[in-house]
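Enquirer: Provided herewith is a single structure, encoded as structure tokens, for subsequent inquiry.
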Amino acid sequence: MEKDIYVRLVQKLYNVLYVQLLLNVACNVSLKCLKKFKQRTADASCPIVVKLLCHLTDCLQTYGLHFSDNTEHNNISSTSDVTDFMRKGLTEFLSLVVLLYAHIFQLSDLIEQNYAALSHNELLKELHVTAKVEMNIGNENGEVDIMPMNWSVEEAKLFIGRWCQSVETLHQIVDNENVEKKLYTPAIRWHAPSLISLPNDYDSLFQYYHKKLCESCKQKPKTPVLCLLCGKFLCYNVDCCSRSMYAEHIWHSLECGNGTALYLNIDTSLISIAKGLRNATWISVYLDKHGEEDKNLKRGKPLYLNEERYSLLNQMWITNSFDQFSRQWNFQRIN
Ligand SMILES: [Zn+2]
Ligand SMILES: [Zn+2]
């Protein structure tokens, strides 16, 4: 696939998501607030996203589609609430789009980027989208705008009108409730992949897992580990639950992480990186109050999660950059 085809495809999906998110806003705005927004639409300084929101609610009303379902529990009350909601949903989507873009086209600089930290505008720049999608400067009221990608306001309005018309047609031929239910389904929230959340204090983790049985062999593991990708508890590098010559953790890294997995060793607090038949030990993400590790838990001091280390590990996993950090790989014995 060529890069420009990928970007064009992204543009279409971005605009569909844009309208979906706009509909979510329409379902979470009070009629009073909507009235306030509508009074502003003739004003040149009114953000385009608010104009499109008002157009969408007009179209829904025109076609007899009920949209403001729960005005008591709405959480949109200002134009900045609208732009914040839109930006959040679109940024989550773009983080994944850029991650895929970097890997499909093997863009090494981009692969090492921390996508989760990039803003909406920075992500768009990575895709070389030149169209003005967000006006950062804001208008005279200091409001920032979020626009569809490469669509004029008129094109966006046309799409929204046609979409409402199709929903109305569907409304006439199928069960009303189903159509409305689908209409109110919140847009998919896109999250960048991440490691599981860990508790702040190590002791609670240790107390919970040190007596637990392995999910595969139903025995108490000699080396108990927790997969940081999915949270499965299993035996590490032993024969008890090996299959076809390979230890369970190798099978698990294939099934869970396409060959690469990270395991937290419950008895030592250290992290093991398993990549194919290789493995390496990484530092601990749990430190004492002086910022020191307690390898093998010999000192018995309370240990707390070090967010910085855990987010570095998360970043290394997302960018698959363990080769640069772990030079001391051990090769797995085959049972
Ligand atoms: Zn086992
Ligand atoms: Zn797993």
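If you're wondering about the labels, chains in the structure tokens are A, B, ... by order shown, residues count from 1 in each chain, ligands from 1 in order shown.
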Give me the residues near Phe85 of chain A as a VMD selection string, where near means some atom within 12 Å (using only C-alpha atoms) and where sequence neighbours in that chain fewer than 6 positions away do not count.

Expert: chain A and resid 18 20 to 26 28 to 29 49 75 to 79 91 to 92 145 to 146 187 189

Enquirer: Suppose we keep C-alpha atoms; can you now write the selection as a PDB file, in the first residue's frame?

Expert:
ATOM      1  CA  TYR A  18     -15.774  13.013  13.699  1.00  0.00           C
ATOM      2  CA  GLN A  20     -19.906   9.835  15.376  1.00  0.00           C
ATOM      3  CA  LEU A  21     -18.322  11.908  18.139  1.00  0.00           C
ATOM      4  CA  LEU A  22     -20.478  14.862  17.193  1.00  0.00           C
ATOM      5  CA  LEU A  23     -23.515  12.631  17.633  1.00  0.00           C
ATOM      6  CA  ASN A  24     -22.223  11.588  21.063  1.00  0.00           C
ATOM      7  CA  VAL A  25     -22.012  15.286  21.936  1.00  0.00           C
ATOM      8  CA  ALA A  26     -25.575  15.788  20.670  1.00  0.00           C
ATOM      9  CA  ASN A  28     -24.968  14.734  25.989  1.00  0.00           C
ATOM     10  CA  VAL A  29     -25.918  18.343  25.612  1.00  0.00           C
ATOM     11  CA  VAL A  49     -17.348  22.240  15.333  1.00  0.00           C
ATOM     12  CA  ASN A  75     -21.562  16.720  30.663  1.00  0.00           C
ATOM     13  CA  ILE A  76     -21.306  19.246  27.832  1.00  0.00           C
ATOM     14  CA  SER A  77     -21.998  22.807  28.797  1.00  0.00           C
ATOM     15  CA  SER A  78     -19.592  24.998  26.834  1.00  0.00           C
ATOM     16  CA  THR A  79     -17.882  25.180  23.444  1.00  0.00           C
ATOM     17  CA  THR A  91      -6.432  11.845  19.312  1.00  0.00           C
ATOM     18  CA  GLU A  92      -6.977   8.301  20.607  1.00  0.00           C
ATOM     19  CA  ASP A 145     -11.580  24.723  16.787  1.00  0.00           C
ATOM     20  CA  ILE A 146     -11.593  21.102  15.635  1.00  0.00           C
ATOM     21  CA  ALA A 187     -18.219   5.957  19.282  1.00  0.00           C
ATOM     22  CA  ARG A 189     -12.901   4.762  22.289  1.00  0.00           C
TER      23      ARG A 189
END

Enquirer: Could you list, as a PDB file with N, CA and C atoms, in the first residue's frame, all protein and nucleic acid residues with an atom at most 9 Å from ligand 1, counting only C-alpha atoms and all ligand atoms?

Expert:
ATOM      1  N   LEU A 213      -2.050 -20.809  42.422  1.00  0.00           N
ATOM      2  CA  LEU A 213      -1.624 -21.910  41.564  1.00  0.00           C
ATOM      3  C   LEU A 213      -1.526 -21.444  40.113  1.00  0.00           C
ATOM      4  N   CYS A 214      -0.628 -22.094  39.383  1.00  0.00           N
ATOM      5  CA  CYS A 214      -0.459 -21.761  37.953  1.00  0.00           C
ATOM      6  C   CYS A 214      -1.755 -22.112  37.215  1.00  0.00           C
ATOM      7  N   GLU A 215      -2.180 -21.229  36.318  1.00  0.00           N
ATOM      8  CA  GLU A 215      -3.437 -21.462  35.601  1.00  0.00           C
ATOM      9  C   GLU A 215      -3.342 -22.639  34.629  1.00  0.00           C
ATOM     10  N   SER A 216      -2.100 -22.984  34.216  1.00  0.00           N
ATOM     11  CA  SER A 216      -1.955 -24.076  33.254  1.00  0.00           C
ATOM     12  C   SER A 216      -1.782 -25.433  33.918  1.00  0.00           C
ATOM     13  N   CYS A 217      -0.819 -25.565  34.872  1.00  0.00           N
ATOM     14  CA  CYS A 217      -0.557 -26.895  35.447  1.00  0.00           C
ATOM     15  C   CYS A 217      -1.231 -27.108  36.798  1.00  0.00           C
ATOM     16  N   LYS A 218      -1.900 -26.076  37.298  1.00  0.00           N
ATOM     17  CA  LYS A 218      -2.637 -26.131  38.572  1.00  0.00           C
ATOM     18  C   LYS A 218      -1.742 -26.486  39.752  1.00  0.00           C
ATOM     19  N   GLN A 219      -0.454 -26.134  39.653  1.00  0.00           N
ATOM     20  CA  GLN A 219       0.465 -26.355  40.778  1.00  0.00           C
ATOM     21  C   GLN A 219       1.016 -25.013  41.237  1.00  0.00           C
ATOM     22  N   LYS A 220       1.660 -25.022  42.397  1.00  0.00           N
ATOM     23  CA  LYS A 220       2.275 -23.788  42.871  1.00  0.00           C
ATOM     24  C   LYS A 220       3.594 -23.618  42.096  1.00  0.00           C
ATOM     25  N   PRO A 221       3.747 -22.562  41.326  1.00  0.00           N
ATOM     26  CA  PRO A 221       4.933 -22.448  40.467  1.00  0.00           C
ATOM     27  C   PRO A 221       6.241 -22.313  41.241  1.00  0.00           C
ATOM     28  N   LYS A 222       7.314 -22.919  40.668  1.00  0.00           N
ATOM     29  CA  LYS A 222       8.649 -22.746  41.280  1.00  0.00           C
ATOM     30  C   LYS A 222       9.104 -21.315  41.021  1.00  0.00           C
ATOM     31  N   PRO A 224       7.093 -18.193  39.974  1.00  0.00           N
ATOM     32  CA  PRO A 224       5.789 -17.633  39.589  1.00  0.00           C
ATOM     33  C   PRO A 224       5.934 -16.284  38.887  1.00  0.00           C
ATOM     34  N   PHE A 233      -1.288 -15.527  35.201  1.00  0.00           N
ATOM     35  CA  PHE A 233      -0.310 -15.993  36.176  1.00  0.00           C
ATOM     36  C   PHE A 233       0.151 -17.375  35.735  1.00  0.00           C
ATOM     37  N   LEU A 234       1.487 -17.588  35.626  1.00  0.00           N
ATOM     38  CA  LEU A 234       1.964 -18.867  35.116  1.00  0.00           C
ATOM     39  C   LEU A 234       3.355 -19.226  35.623  1.00  0.00           C
ATOM     40  N   CYS A 235       3.820 -20.432  35.247  1.00  0.00           N
ATOM     41  CA  CYS A 235       5.152 -20.909  35.611  1.00  0.00           C
ATOM     42  C   CYS A 235       6.156 -20.398  34.582  1.00  0.00           C
ATOM     43  N   TYR A 236       7.339 -20.044  35.058  1.00  0.00           N
ATOM     44  CA  TYR A 236       8.342 -19.501  34.144  1.00  0.00           C
ATOM     45  C   TYR A 236       9.490 -20.480  33.959  1.00  0.00           C
ATOM     46  N   VAL A 238      10.023 -23.653  33.282  1.00  0.00           N
ATOM     47  CA  VAL A 238      10.136 -24.975  33.917  1.00  0.00           C
ATOM     48  C   VAL A 238       9.378 -26.013  33.094  1.00  0.00           C
ATOM     49  N   ASP A 239       9.643 -27.289  33.418  1.00  0.00           N
ATOM     50  CA  ASP A 239       9.068 -28.368  32.617  1.00  0.00           C
ATOM     51  C   ASP A 239       7.604 -28.665  32.944  1.00  0.00           C
ATOM     52  N   CYS A 240       7.171 -28.334  34.174  1.00  0.00           N
ATOM     53  CA  CYS A 240       5.865 -28.816  34.647  1.00  0.00           C
ATOM     54  C   CYS A 240       4.715 -28.573  33.672  1.00  0.00           C
ATOM     55  N   CYS A 241       4.686 -27.431  33.043  1.00  0.00           N
ATOM     56  CA  CYS A 241       3.585 -27.240  32.092  1.00  0.00           C
ATOM     57  C   CYS A 241       4.091 -26.937  30.686  1.00  0.00           C
ATOM     58  N   SER A 242       5.237 -27.540  30.335  1.00  0.00           N
ATOM     59  CA  SER A 242       5.756 -27.322  28.974  1.00  0.00           C
ATOM     60  C   SER A 242       4.930 -28.135  27.968  1.00  0.00           C
ATOM     61  N   GLU A 248       5.953 -23.149  29.169  1.00  0.00           N
ATOM     62  CA  GLU A 248       4.661 -22.473  29.053  1.00  0.00           C
ATOM     63  C   GLU A 248       4.804 -20.972  28.738  1.00  0.00           C
TER      64      GLU A 248
END

Enquirer: Grab me every residue within 10 Å of ligand 2, counting only C-alpha atoms and all ligand atoms, and send it over as an mmCIF file with N, CA and C atoms, in the first residue's frame.

Expert:
data_model
loop_
_atom_site.group_PDB
_atom_site.id
_atom_site.type_symbol
_atom_site.label_atom_id
_atom_site.label_comp_id
_atom_site.auth_asym_id
_atom_site.auth_seq_id
_atom_site.Cartn_x
_atom_site.Cartn_y
_atom_site.Cartn_z
ATOM 1 N N LEU A 195 0.562 -1.871 28.889
ATOM 2 C CA LEU A 195 0.726 -2.973 29.836
ATOM 3 C C LEU A 195 -0.370 -2.864 30.893
ATOM 4 N N ILE A 196 -0.592 -3.943 31.624
ATOM 5 C CA ILE A 196 -1.655 -3.937 32.646
ATOM 6 C C ILE A 196 -1.312 -2.935 33.766
ATOM 7 N N LEU A 226 3.873 -13.096 36.419
ATOM 8 C CA LEU A 226 2.623 -12.484 35.978
ATOM 9 C C LEU A 226 2.895 -11.853 34.615
ATOM 10 N N CYS A 227 2.083 -12.204 33.612
ATOM 11 C CA CYS A 227 2.273 -11.607 32.275
ATOM 12 C C CYS A 227 1.785 -10.152 32.357
ATOM 13 N N LEU A 228 2.652 -9.233 31.985
ATOM 14 C CA LEU A 228 2.287 -7.811 32.088
ATOM 15 C C LEU A 228 1.478 -7.330 30.882
ATOM 16 N N LEU A 229 1.250 -8.246 29.916
ATOM 17 C CA LEU A 229 0.437 -7.870 28.761
ATOM 18 C C LEU A 229 -1.036 -8.179 29.024
ATOM 19 N N CYS A 230 -1.285 -9.319 29.724
ATOM 20 C CA CYS A 230 -2.687 -9.714 29.896
ATOM 21 C C CYS A 230 -3.046 -10.025 31.346
ATOM 22 N N GLY A 231 -2.043 -10.163 32.222
ATOM 23 C CA GLY A 231 -2.334 -10.444 33.634
ATOM 24 C C GLY A 231 -2.414 -11.922 33.965
ATOM 25 N N LYS A 232 -2.059 -12.820 33.012
ATOM 26 C CA LYS A 232 -2.122 -14.256 33.314
ATOM 27 C C LYS A 232 -0.977 -14.631 34.258
ATOM 28 N N PHE A 233 -1.288 -15.527 35.201
ATOM 29 C CA PHE A 233 -0.310 -15.993 36.176
ATOM 30 C C PHE A 233 0.151 -17.375 35.735
ATOM 31 N N LEU A 234 1.487 -17.588 35.626
ATOM 32 C CA LEU A 234 1.964 -18.867 35.116
ATOM 33 C C LEU A 234 3.355 -19.226 35.623
ATOM 34 N N HIS A 249 5.828 -20.355 29.340
ATOM 35 C CA HIS A 249 5.925 -18.900 29.121
ATOM 36 C C HIS A 249 6.268 -18.569 27.668
ATOM 37 N N TRP A 251 5.168 -20.385 25.033
ATOM 38 C CA TRP A 251 3.869 -20.521 24.349
ATOM 39 C C TRP A 251 3.007 -19.296 24.623
ATOM 40 N N HIS A 252 3.048 -18.898 25.887
ATOM 41 C CA HIS A 252 2.206 -17.758 26.242
ATOM 42 C C HIS A 252 2.661 -16.486 25.521
ATOM 43 N N SER A 253 3.989 -16.296 25.398
ATOM 44 C CA SER A 253 4.422 -15.068 24.710
ATOM 45 C C SER A 253 4.029 -15.105 23.235
ATOM 46 N N LEU A 254 3.955 -16.307 22.669
ATOM 47 C CA LEU A 254 3.503 -16.411 21.268
ATOM 48 C C LEU A 254 2.019 -16.080 21.159
ATOM 49 N N GLU A 255 1.241 -16.674 22.083
ATOM 50 C CA GLU A 255 -0.208 -16.481 22.032
ATOM 51 C C GLU A 255 -0.625 -15.074 22.440
ATOM 52 N N CYS A 256 0.102 -14.525 23.399
ATOM 53 C CA CYS A 256 -0.337 -13.245 23.959
ATOM 54 C C CYS A 256 0.353 -12.049 23.314
ATOM 55 N N GLY A 257 1.653 -12.199 22.984
ATOM 56 C CA GLY A 257 2.380 -11.014 22.502
ATOM 57 C C GLY A 257 3.071 -11.246 21.172
ATOM 58 N N THR A 260 6.714 -11.886 21.867
ATOM 59 C CA THR A 260 7.402 -11.072 22.882
ATOM 60 C C THR A 260 6.468 -10.838 24.061
ATOM 61 N N ALA A 261 6.926 -11.180 25.252
ATOM 62 C CA ALA A 261 6.088 -10.899 26.429
ATOM 63 C C ALA A 261 6.959 -10.435 27.589
ATOM 64 N N LEU A 262 6.338 -9.795 28.526
ATOM 65 C CA LEU A 262 7.039 -9.291 29.705
ATOM 66 C C LEU A 262 6.422 -9.958 30.918
ATOM 67 N N TYR A 263 7.278 -10.482 31.781
ATOM 68 C CA TYR A 263 6.776 -11.167 32.964
ATOM 69 C C TYR A 263 7.346 -10.528 34.229
#

Enquirer: Hey, what does DSSP flag as strand (DSSP E) within segment 19-232 of chain A? Can you give it to me as number ranges by chain?

Expert: A: 134-135, 145-146, 224-227

Enquirer: I need the residues of segment 109-314 of chain A that end up classed as helix (DSSP H, G or I) by DSSP on the backbone, written out as an mmCIF file with C-alpha atoms, in the first residue's frame.

Expert:
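So the final result, stored in result10.cif, reads:
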data_model
loop_
_atom_site.group_PDB
_atom_site.id
_atom_site.type_symbol
_atom_site.label_atom_id
_atom_site.label_comp_id
_atom_site.auth_asym_id
_atom_site.auth_seq_id
_atom_site.Cartn_x
_atom_site.Cartn_y
_atom_site.Cartn_z
ATOM 1 C CA ASP A 109 12.256 7.424 13.722
ATOM 2 C CA LEU A 110 8.518 7.274 14.117
ATOM 3 C CA ILE A 111 8.565 3.756 15.591
ATOM 4 C CA TYR A 115 2.620 8.119 20.665
ATOM 5 C CA ALA A 116 0.710 8.487 23.895
ATOM 6 C CA ALA A 117 2.486 11.797 24.553
ATOM 7 C CA HIS A 120 -3.691 15.857 18.182
ATOM 8 C CA ASN A 121 -1.815 18.341 15.988
ATOM 9 C CA GLU A 122 1.538 16.562 16.337
ATOM 10 C CA LEU A 123 -0.053 13.272 15.287
ATOM 11 C CA LEU A 124 -1.551 14.934 12.216
ATOM 12 C CA LYS A 125 1.872 16.332 11.311
ATOM 13 C CA GLU A 126 3.368 12.824 11.477
ATOM 14 C CA VAL A 153 -17.995 23.195 6.175
ATOM 15 C CA GLU A 154 -20.467 22.738 3.303
ATOM 16 C CA GLU A 155 -19.139 19.271 2.464
ATOM 17 C CA ALA A 156 -19.384 18.262 6.110
ATOM 18 C CA LYS A 157 -22.961 19.566 6.316
ATOM 19 C CA LEU A 158 -23.884 17.648 3.162
ATOM 20 C CA PHE A 159 -22.486 14.417 4.611
ATOM 21 C CA ILE A 160 -24.294 14.932 7.922
ATOM 22 C CA GLY A 161 -27.599 15.666 6.127
ATOM 23 C CA ARG A 162 -27.296 12.564 3.947
ATOM 24 C CA TRP A 163 -26.393 10.407 6.919
ATOM 25 C CA CYS A 164 -29.454 11.561 8.883
ATOM 26 C CA GLN A 165 -31.608 10.923 5.822
ATOM 27 C CA SER A 166 -30.284 7.335 5.576
ATOM 28 C CA VAL A 167 -30.982 6.739 9.267
ATOM 29 C CA GLU A 168 -34.516 8.008 8.766
ATOM 30 C CA THR A 169 -35.007 5.662 5.791
ATOM 31 C CA LEU A 170 -33.752 2.804 7.938
ATOM 32 C CA HIS A 171 -36.085 3.948 10.676
ATOM 33 C CA GLN A 172 -39.059 3.403 8.379
ATOM 34 C CA ILE A 173 -38.156 -0.142 7.455
ATOM 35 C CA ASN A 176 -37.477 1.857 15.736
ATOM 36 C CA GLU A 177 -35.867 0.938 19.015
ATOM 37 C CA ASN A 178 -33.002 -0.818 17.336
ATOM 38 C CA VAL A 179 -32.201 2.153 15.138
ATOM 39 C CA GLU A 180 -32.249 4.519 18.097
ATOM 40 C CA LYS A 181 -30.098 2.155 20.142
ATOM 41 C CA LYS A 182 -27.505 2.033 17.378
ATOM 42 C CA LEU A 183 -27.686 5.774 16.989
ATOM 43 C CA TYR A 184 -26.838 6.342 20.638
ATOM 44 C CA TYR A 202 4.377 -4.612 46.076
ATOM 45 C CA ASP A 203 3.262 -6.387 49.202
ATOM 46 C CA SER A 204 -0.391 -6.569 48.090
ATOM 47 C CA LEU A 205 0.734 -8.117 44.801
ATOM 48 C CA PHE A 206 3.039 -10.562 46.580
ATOM 49 C CA GLN A 207 0.409 -11.590 49.134
ATOM 50 C CA TYR A 208 -2.130 -12.220 46.397
ATOM 51 C CA TYR A 209 0.101 -14.252 44.084
ATOM 52 C CA GLU A 248 4.661 -22.473 29.053
ATOM 53 C CA HIS A 249 5.925 -18.900 29.121
ATOM 54 C CA ILE A 250 7.237 -19.262 25.538
ATOM 55 C CA TRP A 251 3.869 -20.521 24.349
ATOM 56 C CA HIS A 252 2.206 -17.758 26.242
ATOM 57 C CA SER A 253 4.422 -15.068 24.710
ATOM 58 C CA LEU A 254 3.503 -16.411 21.268
ATOM 59 C CA GLU A 255 -0.208 -16.481 22.032
ATOM 60 C CA CYS A 256 -0.337 -13.245 23.959
ATOM 61 C CA GLY A 257 2.380 -11.014 22.502
ATOM 62 C CA LYS A 295 16.402 -7.703 44.181
ATOM 63 C CA ASN A 296 15.124 -11.093 45.293
ATOM 64 C CA LEU A 297 13.251 -9.289 48.089
ATOM 65 C CA GLU A 307 5.667 4.974 37.459
ATOM 66 C CA GLU A 308 8.611 6.356 35.477
ATOM 67 C CA ARG A 309 10.231 2.942 35.080
ATOM 68 C CA TYR A 310 6.930 1.272 34.288
ATOM 69 C CA SER A 311 6.099 3.808 31.624
ATOM 70 C CA LEU A 312 9.626 3.379 30.143
ATOM 71 C CA LEU A 313 8.992 -0.376 30.004
ATOM 72 C CA ASN A 314 5.611 0.267 28.385
#
